[in-house]
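> Mind having a look at this structure? Questions to follow.
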Amino acid sequence: MKKGIFLVTEKLHYKDNKLFFENIDLKTLVKTYKTPVYVYSKNQIIENYKNYDSALKDRAYLICYAMKANSNREILKIINGLGGGVDITSGGELYRALNAGIKPEKIVYAGVGKSEQEIIYAIKNKILIFNIESKEEAILINKVAGRYNKKVLVAVRVNPHVQTNTHSHISTGEEGTKFGIPINEVIDFFKFLSIQKYLDAKGLHFHIGSQITQINPFLAATKKVVSLIPKLRQIGIKIKYLDIGGGLGIKYKTEEPPTPVKLMKNLLKFVSKDLIIICEPGRYIIGNSGILVTKVLYHKTVGNKNFLIVDASMTDLIRPAFYGAYHNIVPIQVTDCFGENMDYYDIVGPVCETSDFLGKKRLLPNLENGDYLVVECAGAYGFSMSSNYNSRPKSAEIMVSENKFYKIRDREKYSDLVRKEIC
Ligand code: LLP
């Protein structure tokens, strides 16, 4: 390791001063595909998925990858090939999932604002379960199901009122958020569901937030939610599915989140073996499987601050601007005399917003214009939250697998920007 440079992504390593992702020299890859470009490691995705698999192996379970983290078809196909399903949150995600070959009986659907059209689409396609978030939604699902004369499986998304240590924008299980049914109202909610002719209420669901790096919030939520099961049995409701959501954090810098095995070992002690467990990891599967490669365009010094202006921006990766998120940034070429020429830089993009940065005060060597940087752990909520703001075409996406690499999404062209415009 070069002085002052550290890597957090397992599948990245320097060899002869060049940065490799799996066995691919990133410089060769960017010469072919240009920048900014997202690159994913197929083997990291598989390893991450298998870690969840082995954490649950003694149980009846279904891993439903939260595809909002990254919904590229190739990634969904990998998940499908491993036997996984998906957690969806819109009709668009259902379309993508079916298009990638995910089986409807492995699809779970959460979200506070499912439209009638989306509900029809999901019922017609026979998804496994709706995670219901309000009374009005339940009434609508019942009505639509009646129209098709189908009884649909539903779970109640419980808001267990637990505190997490994550960013407030991505904490969902605390009192006062828009998500789920407050835990103290859940029994009455099931009573209400039991009189809906076309709803088969057999599940409990919770998802308390994202990038959670401690076991305790998950444990508190699990205990609270499973404590509802005997109470529900007393009123004649038998729970068959327990969906424990996603939310397991990853290491972006110095975090030390539990492994899925450790997390499940702690949680499952409190969960009866009769239940089918559903889990919805997103970030854990794809976060450290992806990087964003960008090129240095210019240097600029303002007062005593150094800026590196690069060709990726908040339109490619909004997490730093949106959540103040930290992503480690490293050069793809290093030299042996590193350490002597290091300085602090803010790495910023071309977009017309002061919040358009990828990293602040990062210690980096003196780079030339045209050199490349890698933004680490950008696989989750990177491309999937990208936009065309400032009329910037979205970047290409590439998959690497050992010695091979292949394109899984074309870079957008300028003509794509106006394709849907009418006059
Ligand atoms: N299940 C449900 C119902 C969810 O809403 C989410 C994420 C997940 C599962 C997956 O959570 P994960 O395992 O990825 O933590 N854009 C934010 C994260 C938003 C998460 C939204 N819900 C970010 O970039 O940090």
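So you can find residues: chains in the structure tokens are A, B, ... in the order shown, residues in each start at 1, and ligands are numbered from 1 in order.
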As number ranges by chain, please: every protein or nucleic acid residue near ligand 1 (cut-off 8 Å, counting only C-alpha atoms and all ligand atoms).
A: 65-69, 87-89, 109-111, 169-170, 172, 206-207, 209-212, 245-249, 279-285, 318-319, 323, 325, 380-382, 385
> Looking only at the backbone, which of the residues in region 108-158 of chain A does DSSP tag as helix (DSSP H, G or I), as a PyMOL selection string?
chain A and resi 116-124+135-147
> Using DSSP secondary structure from the backbone, list all strand (DSSP E or B) positions within region 286-359 of chain A, as an MDAnalysis selection string.
chainID A and resid 290:302 305:310 329:331 333 342:348 357:359
> I'd like the contact shell of Ile286 (chain A) - 9 Å cut-off, only C-alpha atoms, skipping same-chain residues fewer than 2 positions apart - returned as a list in words.
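My list of contacting residues is Tyr40, Ser41, Gln44, Ile45, Asn48, Ala69, Asn70, Ile75, Gly282, Arg283, Tyr284, Asn288, Ser289, Gly290, Cys377, Ala378, Gly379 and Ala380 of chain A.
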> For Asp243 (chain A), find every residue with an atom within 10 Å (counting only C-alpha atoms), except residues of its own chain fewer than 5 positions away, and show them as a PyMOL selection string.
chain A and resi 61-64+108+131+155-157+203-207+222+275-280
> Which residues come within 7 Å of Leu317 (chain A), counting only C-alpha atoms, excluding same-chain residues fewer than 4 positions away, as a ChimeraX atom specification?
/A:313,382-383,386
> Name the residues in contact with Val375 (chain A) at a cut-off of 12 Å, using only C-alpha atoms, excluding same-chain residues fewer than 5 positions from it; report them as a PyMOL selection string.
chain A and resi 7-9+12+36-39+252+287-295+310+312-313+316-317+319-320+325-332+347+357-359+362+382
> Tell me, as a list in words, which residues lie within 9 Å of Arg96 (chain A), counting only C-alpha atoms; anything in the same chain fewer than 3 positions away does not count.
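Surrounding residues, per the criterion: Ser71, Asn72, Arg73, Leu76, Gly91, Gly92, Glu93, Asn99, Ala100, Gly101 and Ile102 of chain A.
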> Considering only C-alpha atoms, state which residue in the set A:Leu199, A:Val186, A:Ala122, A:Val418 is at the smallest distance from Lys150 (chain A).
A:Leu199
